[in-house]
file data.pdb (PDB, C-alpha atoms)
MODEL        1
ATOM      1  CA  MET A   1      48.733  91.122  52.699
ATOM      2  CA  VAL A   2      45.883  93.629  52.575
ATOM      3  CA  VAL A   3      45.862  96.053  49.624
ATOM      4  CA  ASP A   4      43.209  98.764  49.909
ATOM      5  CA  ASP A   5      43.312 102.531  49.446
ATOM      6  CA  SER A   6      40.803 103.038  52.278
ATOM      7  CA  ALA A   7      42.586 103.432  55.617
ATOM      8  CA  THR A   8      39.409 102.321  57.394
ATOM      9  CA  ASP A   9      39.072  99.133  55.330
ATOM     10  CA  ARG A  10      42.783  98.351  55.752
ATOM     11  CA  HIS A  11      42.436  98.750  59.503
ATOM     12  CA  VAL A  12      39.266  96.617  59.747
ATOM     13  CA  LEU A  13      40.696  93.814  57.618
ATOM     14  CA  ALA A  14      44.091  93.881  59.342
ATOM     15  CA  ASP A  15      42.389  93.787  62.747
ATOM     16  CA  MET A  16      40.275  90.772  61.721
ATOM     17  CA  LEU A  17      43.361  88.934  60.557
ATOM     18  CA  THR A  18      45.722  89.837  63.410
ATOM     19  CA  SER A  19      43.095  88.850  65.982
ATOM     20  CA  ALA A  20      43.015  85.438  64.267
ATOM     21  CA  GLY A  21      46.794  85.091  64.570
ATOM     22  CA  TYR A  22      47.889  86.198  61.109
ATOM     23  CA  ALA A  23      50.806  88.545  60.476
ATOM     24  CA  VAL A  24      49.510  91.342  58.245
ATOM     25  CA  ILE A  25      51.129  93.767  55.842
ATOM     26  CA  ALA A  26      48.628  96.511  54.999
ATOM     27  CA  LEU A  27      49.299  98.652  51.927
ATOM     28  CA  ALA A  28      47.442 101.534  50.280
ATOM     29  CA  SER A  29      48.118 100.792  46.604
ATOM     30  CA  ALA A  30      48.762  98.069  44.067
ATOM     31  CA  GLU A  31      52.082  99.703  43.245
ATOM     32  CA  GLU A  32      53.214  99.424  46.891
ATOM     33  CA  ALA A  33      52.081  95.815  46.932
ATOM     34  CA  GLU A  34      54.088  94.939  43.824
ATOM     35  CA  LEU A  35      57.257  96.184  45.500
ATOM     36  CA  ARG A  36      56.621  94.416  48.806
ATOM     37  CA  ILE A  37      55.486  91.108  47.272
ATOM     38  CA  ARG A  38      58.960  90.593  45.850
ATOM     39  CA  THR A  39      60.532  90.629  49.320
ATOM     40  CA  GLU A  40      57.688  89.569  51.633
ATOM     41  CA  ARG A  41      56.092  86.651  49.708
ATOM     42  CA  PRO A  42      52.669  86.766  51.410
ATOM     43  CA  ASP A  43      50.630  83.588  51.824
ATOM     44  CA  VAL A  44      47.501  85.321  50.529
ATOM     45  CA  ILE A  45      46.568  88.776  49.211
ATOM     46  CA  LEU A  46      43.308  90.607  49.895
ATOM     47  CA  MET A  47      42.968  92.999  46.942
ATOM     48  CA  ASP A  48      40.547  95.898  46.627
ATOM     49  CA  ILE A  49      39.355  96.706  43.107
ATOM     50  CA  VAL A  50      38.794 100.456  43.052
ATOM     51  CA  MET A  51      42.073 102.218  43.849
ATOM     52  CA  PRO A  52      43.866 105.197  42.357
ATOM     53  CA  GLY A  53      46.633 104.301  39.939
ATOM     54  CA  LYS A  54      46.596 100.611  39.146
ATOM     55  CA  ASN A  55      43.281  99.002  40.054
ATOM     56  CA  GLY A  56      42.861  95.601  41.679
ATOM     57  CA  PHE A  57      41.860  93.889  38.448
ATOM     58  CA  GLU A  58      45.096  95.001  36.772
ATOM     59  CA  ALA A  59      47.232  94.087  39.765
ATOM     60  CA  THR A  60      45.628  90.653  40.095
ATOM     61  CA  ARG A  61      46.095  89.943  36.391
ATOM     62  CA  GLU A  62      49.785  90.908  36.577
ATOM     63  CA  LEU A  63      50.363  88.769  39.663
ATOM     64  CA  GLN A  64      48.783  85.760  37.992
ATOM     65  CA  ARG A  65      50.780  86.204  34.785
ATOM     66  CA  ASN A  66      54.095  86.346  36.649
ATOM     67  CA  ASP A  67      55.732  82.959  37.293
ATOM     68  CA  ALA A  68      57.170  84.233  40.585
ATOM     69  CA  THR A  69      53.785  85.276  42.033
ATOM     70  CA  ARG A  70      51.095  83.213  40.330
ATOM     71  CA  ASP A  71      50.981  80.721  43.200
ATOM     72  CA  ILE A  72      49.954  83.422  45.720
ATOM     73  CA  PRO A  73      46.174  83.279  46.113
ATOM     74  CA  VAL A  74      44.414  86.605  45.546
ATOM     75  CA  ILE A  75      41.074  87.234  47.184
ATOM     76  CA  VAL A  76      39.356  90.256  45.702
ATOM     77  CA  CYS A  77      37.769  92.164  48.562
ATOM     78  CA  THR A  78      35.389  94.772  47.201
ATOM     79  CA  SER A  79      32.160  96.677  47.643
ATOM     80  CA  LYS A  80      31.339  95.934  43.984
ATOM     81  CA  SER A  81      28.716  93.231  44.220
ATOM     82  CA  GLN A  82      27.531  92.821  40.632
ATOM     83  CA  PRO A  83      27.952  89.343  39.138
ATOM     84  CA  THR A  84      29.927  90.826  36.231
ATOM     85  CA  ASP A  85      32.495  92.229  38.688
ATOM     86  CA  TRP A  86      32.883  88.804  40.294
ATOM     87  CA  ILE A  87      33.249  87.086  36.943
ATOM     88  CA  TRP A  88      35.843  89.620  35.810
ATOM     89  CA  ALA A  89      37.802  89.265  39.068
ATOM     90  CA  LEU A  90      37.923  85.492  38.642
ATOM     91  CA  ARG A  91      38.961  85.845  34.998
ATOM     92  CA  GLN A  92      41.865  88.042  36.096
ATOM     93  CA  GLY A  93      43.070  85.231  38.336
ATOM     94  CA  ALA A  94      41.449  85.910  41.701
ATOM     95  CA  ARG A  95      40.702  82.695  43.556
ATOM     96  CA  GLU A  96      37.727  84.145  45.419
ATOM     97  CA  VAL A  97      35.666  87.326  45.804
ATOM     98  CA  VAL A  98      34.547  88.649  49.188
ATOM     99  CA  VAL A  99      32.091  91.542  49.366
ATOM    100  CA  LYS A 100      32.428  94.423  51.810
ATOM    101  CA  PRO A 101      31.414  94.810  54.526
ATOM    102  CA  VAL A 102      33.376  91.642  55.134
ATOM    103  CA  GLN A 103      32.019  89.020  57.476
ATOM    104  CA  ARG A 104      34.919  87.902  59.695
ATOM    105  CA  LYS A 105      33.929  84.215  59.785
ATOM    106  CA  HIS A 106      33.533  84.007  56.005
ATOM    107  CA  LEU A 107      36.856  85.783  55.405
ATOM    108  CA  LEU A 108      38.772  83.512  57.788
ATOM    109  CA  GLU A 109      37.173  80.389  56.286
ATOM    110  CA  THR A 110      38.061  81.577  52.779
ATOM    111  CA  ILE A 111      41.677  82.286  53.727
ATOM    112  CA  ALA A 112      42.033  78.926  55.496
ATOM    113  CA  ARG A 113      40.724  77.153  52.403
ATOM    114  CA  LEU A 114      43.064  78.964  49.988
ATOM    115  CA  ALA A 115      46.269  79.565  51.931
TER     116      ALA A 115
ENDMDL
END

call {"tool": "encode", "arguments": {"input": "data.pdb", "output": "structure tokens"}}
result
Amino acid sequence: MVVDDSATDRHVLADMLTSAGYAVIALASAEEAELRIRTERPDVILMDIVMPGKNGFEATRELQRNDATRDIPVIVCTSKSQPTDWIWALRQGAREVVVKPVQRKHLLETIARLA
């Protein structure tokens, strides 16, 4: 599952994943993701941080606090590259942080390791 408010980033990430054989659900908000996660049960979630409404930090924290979703690995995928952003993402429950622009090989290796 790709959660990003940028249509361009959703498309790029979804294309990387589908070309590697993954089925992808691409959503524009954390609120949409919360609804779909209940029925879709993704193997991994790529979560942007800066989004209108609920941000990726909040969404990741809620997923990790919920018994039904805490086992789904969240990879924060963001253009925020400061160490404090990475630390905060990991404290919210993200398993990994990937910085945009995403390198396809690194993303696929990260997903394979976590999923």

call {"tool": "residues_around", "arguments": {"input": "data.pdb", "residues": "stretch 101-112 of chain A", "least_positions_apart": "5", "cutoff": "12 Å", "atoms": "all atoms listed in the file", "output": "PyMOL selection string"}}
result
chain A and resi 1+8-10+12-22+43-46+48+72-81+95-96

call {"tool": "closest_residue", "arguments": {"input": "data.pdb", "among": "A:Ile49, A:Leu63, A:Ala33, A:Ala115", "to": "A:Val99", "atoms": "all atoms listed in the file"}}
result
A:Ile49

call {"tool": "closest_residue", "arguments": {"input": "data.pdb", "among": "A:Ala23, A:Leu35, A:Asp4, A:Pro83", "to": "A:Asn55", "atoms": "all atoms listed in the file"}}
result
A:Asp4

call {"tool": "resolve_selection", "arguments": {"input": "data.pdb", "expression": "the PyMOL selection byres ((chain A and resi 31) around 10)", "output": "VMD selection string"}}
result
chain A and resid 3 27 to 30 32 to 36 52 to 55 59

call {"tool": "axis_aligned_box", "arguments": {"input": "data.pdb", "around": "stretch 45-53 of chain A", "padding_each_side": "3 Å", "output": "JSON"}}
result
{"center_x": 42.7, "center_y": 97.0, "center_z": 44.9, "size_x": 13.8, "size_y": 22.4, "size_z": 16.0}

call {"tool": "atom_distance", "arguments": {"input": "data.pdb", "atom1": "atom CA of A:Arg70", "atom2": "atom CA of A:Glu58"}}
result
13.7 Å

call {"tool": "atom_distance", "arguments": {"input": "data.pdb", "atom1": "atom CA of A:Thr84", "atom2": "atom CA of A:Ala7"}}
result
26.4 Å

call {"tool": "atom_distance", "arguments": {"input": "data.pdb", "atom1": "atom CA of A:Gln82", "atom2": "atom CA of A:Gly56"}}
result
15.6 Å

call {"tool": "closest_residue", "arguments": {"input": "data.pdb", "among": "A:Ile37, A:Met51, A:Leu90, A:Val97", "to": "A:Asn66", "atoms": "only C-alpha atoms"}}
result
A:Ile37

call {"tool": "closest_residue", "arguments": {"input": "data.pdb", "among": "A:Ala26, A:Pro42, A:Asp71, A:Ile87", "to": "A:Asp5", "atoms": "all atoms listed in the file"}}
result
A:Ala26

call {"tool": "closest_residue", "arguments": {"input": "data.pdb", "among": "A:Ala94, A:Ile25, A:Val2, A:Arg113", "to": "A:Glu62", "atoms": "all atoms listed in the file"}}
result
A:Ala94

call {"tool": "decode", "arguments": {"input": "data.pdb", "residues": "stretch 8-49 of chain A", "atoms": "N, CA and C atoms", "output": "PDB file, in the first residue's frame"}}
result
ATOM      1  N   THR A   8       1.989  12.366  -8.285  1.00  0.00           N
ATOM      2  CA  THR A   8       3.232  11.986  -8.961  1.00  0.00           C
ATOM      3  C   THR A   8       3.984  10.944  -8.150  1.00  0.00           C
ATOM      4  N   ASP A   9       4.156  11.193  -6.846  1.00  0.00           N
ATOM      5  CA  ASP A   9       4.875  10.230  -6.002  1.00  0.00           C
ATOM      6  C   ASP A   9       4.134   8.900  -5.919  1.00  0.00           C
ATOM      7  N   ARG A  10       2.807   8.947  -5.816  1.00  0.00           N
ATOM      8  CA  ARG A  10       2.028   7.697  -5.799  1.00  0.00           C
ATOM      9  C   ARG A  10       2.280   6.909  -7.072  1.00  0.00           C
ATOM     10  N   HIS A  11       2.252   7.603  -8.201  1.00  0.00           N
ATOM     11  CA  HIS A  11       2.445   6.940  -9.487  1.00  0.00           C
ATOM     12  C   HIS A  11       3.853   6.334  -9.585  1.00  0.00           C
ATOM     13  N   VAL A  12       4.863   7.098  -9.222  1.00  0.00           N
ATOM     14  CA  VAL A  12       6.256   6.617  -9.305  1.00  0.00           C
ATOM     15  C   VAL A  12       6.448   5.392  -8.415  1.00  0.00           C
ATOM     16  N   LEU A  13       5.997   5.480  -7.174  1.00  0.00           N
ATOM     17  CA  LEU A  13       6.162   4.361  -6.249  1.00  0.00           C
ATOM     18  C   LEU A  13       5.366   3.138  -6.699  1.00  0.00           C
ATOM     19  N   ALA A  14       4.125   3.351  -7.115  1.00  0.00           N
ATOM     20  CA  ALA A  14       3.294   2.237  -7.578  1.00  0.00           C
ATOM     21  C   ALA A  14       3.914   1.577  -8.796  1.00  0.00           C
ATOM     22  N   ASP A  15       4.470   2.378  -9.707  1.00  0.00           N
ATOM     23  CA  ASP A  15       5.106   1.832 -10.904  1.00  0.00           C
ATOM     24  C   ASP A  15       6.327   0.992 -10.530  1.00  0.00           C
ATOM     25  N   MET A  16       7.141   1.476  -9.590  1.00  0.00           N
ATOM     26  CA  MET A  16       8.307   0.714  -9.140  1.00  0.00           C
ATOM     27  C   MET A  16       7.879  -0.647  -8.595  1.00  0.00           C
ATOM     28  N   LEU A  17       6.822  -0.630  -7.816  1.00  0.00           N
ATOM     29  CA  LEU A  17       6.381  -1.859  -7.157  1.00  0.00           C
ATOM     30  C   LEU A  17       5.685  -2.817  -8.120  1.00  0.00           C
ATOM     31  N   THR A  18       4.805  -2.297  -8.982  1.00  0.00           N
ATOM     32  CA  THR A  18       4.114  -3.187  -9.917  1.00  0.00           C
ATOM     33  C   THR A  18       5.091  -3.807 -10.912  1.00  0.00           C
ATOM     34  N   SER A  19       6.107  -3.049 -11.321  1.00  0.00           N
ATOM     35  CA  SER A  19       7.093  -3.605 -12.250  1.00  0.00           C
ATOM     36  C   SER A  19       7.929  -4.706 -11.589  1.00  0.00           C
ATOM     37  N   ALA A  20       7.931  -4.732 -10.261  1.00  0.00           N
ATOM     38  CA  ALA A  20       8.644  -5.782  -9.522  1.00  0.00           C
ATOM     39  C   ALA A  20       7.709  -6.927  -9.128  1.00  0.00           C
ATOM     40  N   GLY A  21       6.458  -6.861  -9.589  1.00  0.00           N
ATOM     41  CA  GLY A  21       5.522  -7.953  -9.345  1.00  0.00           C
ATOM     42  C   GLY A  21       4.596  -7.789  -8.162  1.00  0.00           C
ATOM     43  N   TYR A  22       4.634  -6.648  -7.505  1.00  0.00           N
ATOM     44  CA  TYR A  22       3.757  -6.415  -6.356  1.00  0.00           C
ATOM     45  C   TYR A  22       2.402  -5.887  -6.807  1.00  0.00           C
ATOM     46  N   ALA A  23       1.354  -6.276  -6.098  1.00  0.00           N
ATOM     47  CA  ALA A  23       0.035  -5.669  -6.267  1.00  0.00           C
ATOM     48  C   ALA A  23       0.020  -4.429  -5.385  1.00  0.00           C
ATOM     49  N   VAL A  24      -0.432  -3.308  -5.926  1.00  0.00           N
ATOM     50  CA  VAL A  24      -0.337  -2.032  -5.212  1.00  0.00           C
ATOM     51  C   VAL A  24      -1.709  -1.381  -5.069  1.00  0.00           C
ATOM     52  N   ILE A  25      -1.963  -0.888  -3.876  1.00  0.00           N
ATOM     53  CA  ILE A  25      -3.102  -0.019  -3.605  1.00  0.00           C
ATOM     54  C   ILE A  25      -2.504   1.344  -3.309  1.00  0.00           C
ATOM     55  N   ALA A  26      -2.838   2.342  -4.119  1.00  0.00           N
ATOM     56  CA  ALA A  26      -2.281   3.683  -3.947  1.00  0.00           C
ATOM     57  C   ALA A  26      -3.385   4.620  -3.468  1.00  0.00           C
ATOM     58  N   LEU A  27      -3.133   5.277  -2.329  1.00  0.00           N
ATOM     59  CA  LEU A  27      -4.135   6.134  -1.704  1.00  0.00           C
ATOM     60  C   LEU A  27      -3.561   7.509  -1.412  1.00  0.00           C
ATOM     61  N   ALA A  28      -4.439   8.517  -1.407  1.00  0.00           N
ATOM     62  CA  ALA A  28      -4.009   9.911  -1.278  1.00  0.00           C
ATOM     63  C   ALA A  28      -4.008  10.449   0.144  1.00  0.00           C
ATOM     64  N   SER A  29      -4.503   9.680   1.116  1.00  0.00           N
ATOM     65  CA  SER A  29      -4.545  10.209   2.483  1.00  0.00           C
ATOM     66  C   SER A  29      -4.472   9.094   3.516  1.00  0.00           C
ATOM     67  N   ALA A  30      -4.070   9.472   4.708  1.00  0.00           N
ATOM     68  CA  ALA A  30      -4.021   8.526   5.824  1.00  0.00           C
ATOM     69  C   ALA A  30      -5.426   8.052   6.182  1.00  0.00           C
ATOM     70  N   GLU A  31      -6.393   8.943   6.048  1.00  0.00           N
ATOM     71  CA  GLU A  31      -7.773   8.564   6.362  1.00  0.00           C
ATOM     72  C   GLU A  31      -8.274   7.487   5.399  1.00  0.00           C
ATOM     73  N   GLU A  32      -7.970   7.624   4.102  1.00  0.00           N
ATOM     74  CA  GLU A  32      -8.338   6.588   3.134  1.00  0.00           C
ATOM     75  C   GLU A  32      -7.651   5.276   3.483  1.00  0.00           C
ATOM     76  N   ALA A  33      -6.399   5.366   3.848  1.00  0.00           N
ATOM     77  CA  ALA A  33      -5.628   4.165   4.180  1.00  0.00           C
ATOM     78  C   ALA A  33      -6.240   3.434   5.371  1.00  0.00           C
ATOM     79  N   GLU A  34      -6.631   4.174   6.394  1.00  0.00           N
ATOM     80  CA  GLU A  34      -7.222   3.535   7.574  1.00  0.00           C
ATOM     81  C   GLU A  34      -8.444   2.706   7.203  1.00  0.00           C
ATOM     82  N   LEU A  35      -9.257   3.228   6.299  1.00  0.00           N
ATOM     83  CA  LEU A  35     -10.455   2.495   5.881  1.00  0.00           C
ATOM     84  C   LEU A  35     -10.090   1.247   5.081  1.00  0.00           C
ATOM     85  N   ARG A  36      -9.153   1.371   4.174  1.00  0.00           N
ATOM     86  CA  ARG A  36      -8.791   0.253   3.298  1.00  0.00           C
ATOM     87  C   ARG A  36      -7.975  -0.812   4.018  1.00  0.00           C
ATOM     88  N   ILE A  37      -7.178  -0.436   5.000  1.00  0.00           N
ATOM     89  CA  ILE A  37      -6.349  -1.399   5.726  1.00  0.00           C
ATOM     90  C   ILE A  37      -7.215  -2.448   6.408  1.00  0.00           C
ATOM     91  N   ARG A  38      -8.366  -2.044   6.863  1.00  0.00           N
ATOM     92  CA  ARG A  38      -9.264  -2.989   7.551  1.00  0.00           C
ATOM     93  C   ARG A  38      -9.717  -4.130   6.641  1.00  0.00           C
ATOM     94  N   THR A  39      -9.890  -3.831   5.350  1.00  0.00           N
ATOM     95  CA  THR A  39     -10.379  -4.857   4.424  1.00  0.00           C
ATOM     96  C   THR A  39      -9.281  -5.447   3.549  1.00  0.00           C
ATOM     97  N   GLU A  40      -8.227  -4.709   3.273  1.00  0.00           N
ATOM     98  CA  GLU A  40      -7.196  -5.146   2.338  1.00  0.00           C
ATOM     99  C   GLU A  40      -6.024  -5.871   3.002  1.00  0.00           C
ATOM    100  N   ARG A  41      -5.700  -5.542   4.229  1.00  0.00           N
ATOM    101  CA  ARG A  41      -4.567  -6.132   4.962  1.00  0.00           C
ATOM    102  C   ARG A  41      -3.291  -6.177   4.113  1.00  0.00           C
ATOM    103  N   PRO A  42      -2.703  -5.014   3.831  1.00  0.00           N
ATOM    104  CA  PRO A  42      -1.485  -4.986   3.010  1.00  0.00           C
ATOM    105  C   PRO A  42      -0.312  -5.655   3.723  1.00  0.00           C
ATOM    106  N   ASP A  43       0.640  -6.133   2.928  1.00  0.00           N
ATOM    107  CA  ASP A  43       1.844  -6.753   3.480  1.00  0.00           C
ATOM    108  C   ASP A  43       2.815  -5.719   4.016  1.00  0.00           C
ATOM    109  N   VAL A  44       2.794  -4.528   3.427  1.00  0.00           N
ATOM    110  CA  VAL A  44       3.660  -3.429   3.837  1.00  0.00           C
ATOM    111  C   VAL A  44       2.993  -2.120   3.419  1.00  0.00           C
ATOM    112  N   ILE A  45       3.286  -1.049   4.160  1.00  0.00           N
ATOM    113  CA  ILE A  45       2.730   0.269   3.851  1.00  0.00           C
ATOM    114  C   ILE A  45       3.872   1.252   3.661  1.00  0.00           C
ATOM    115  N   LEU A  46       3.855   1.957   2.523  1.00  0.00           N
ATOM    116  CA  LEU A  46       4.772   3.078   2.305  1.00  0.00           C
ATOM    117  C   LEU A  46       3.999   4.329   2.670  1.00  0.00           C
ATOM    118  N   MET A  47       4.447   5.056   3.693  1.00  0.00           N
ATOM    119  CA  MET A  47       3.696   6.172   4.260  1.00  0.00           C
ATOM    120  C   MET A  47       4.467   7.481   4.127  1.00  0.00           C
ATOM    121  N   ASP A  48       3.863   8.443   3.435  1.00  0.00           N
ATOM    122  CA  ASP A  48       4.415   9.788   3.378  1.00  0.00           C
ATOM    123  C   ASP A  48       4.201  10.442   4.744  1.00  0.00           C
ATOM    124  N   ILE A  49       4.972  11.468   5.043  1.00  0.00           N
ATOM    125  CA  ILE A  49       4.792  12.181   6.309  1.00  0.00           C
ATOM    126  C   ILE A  49       3.876  13.385   6.137  1.00  0.00           C
TER     127      ILE A  49
END
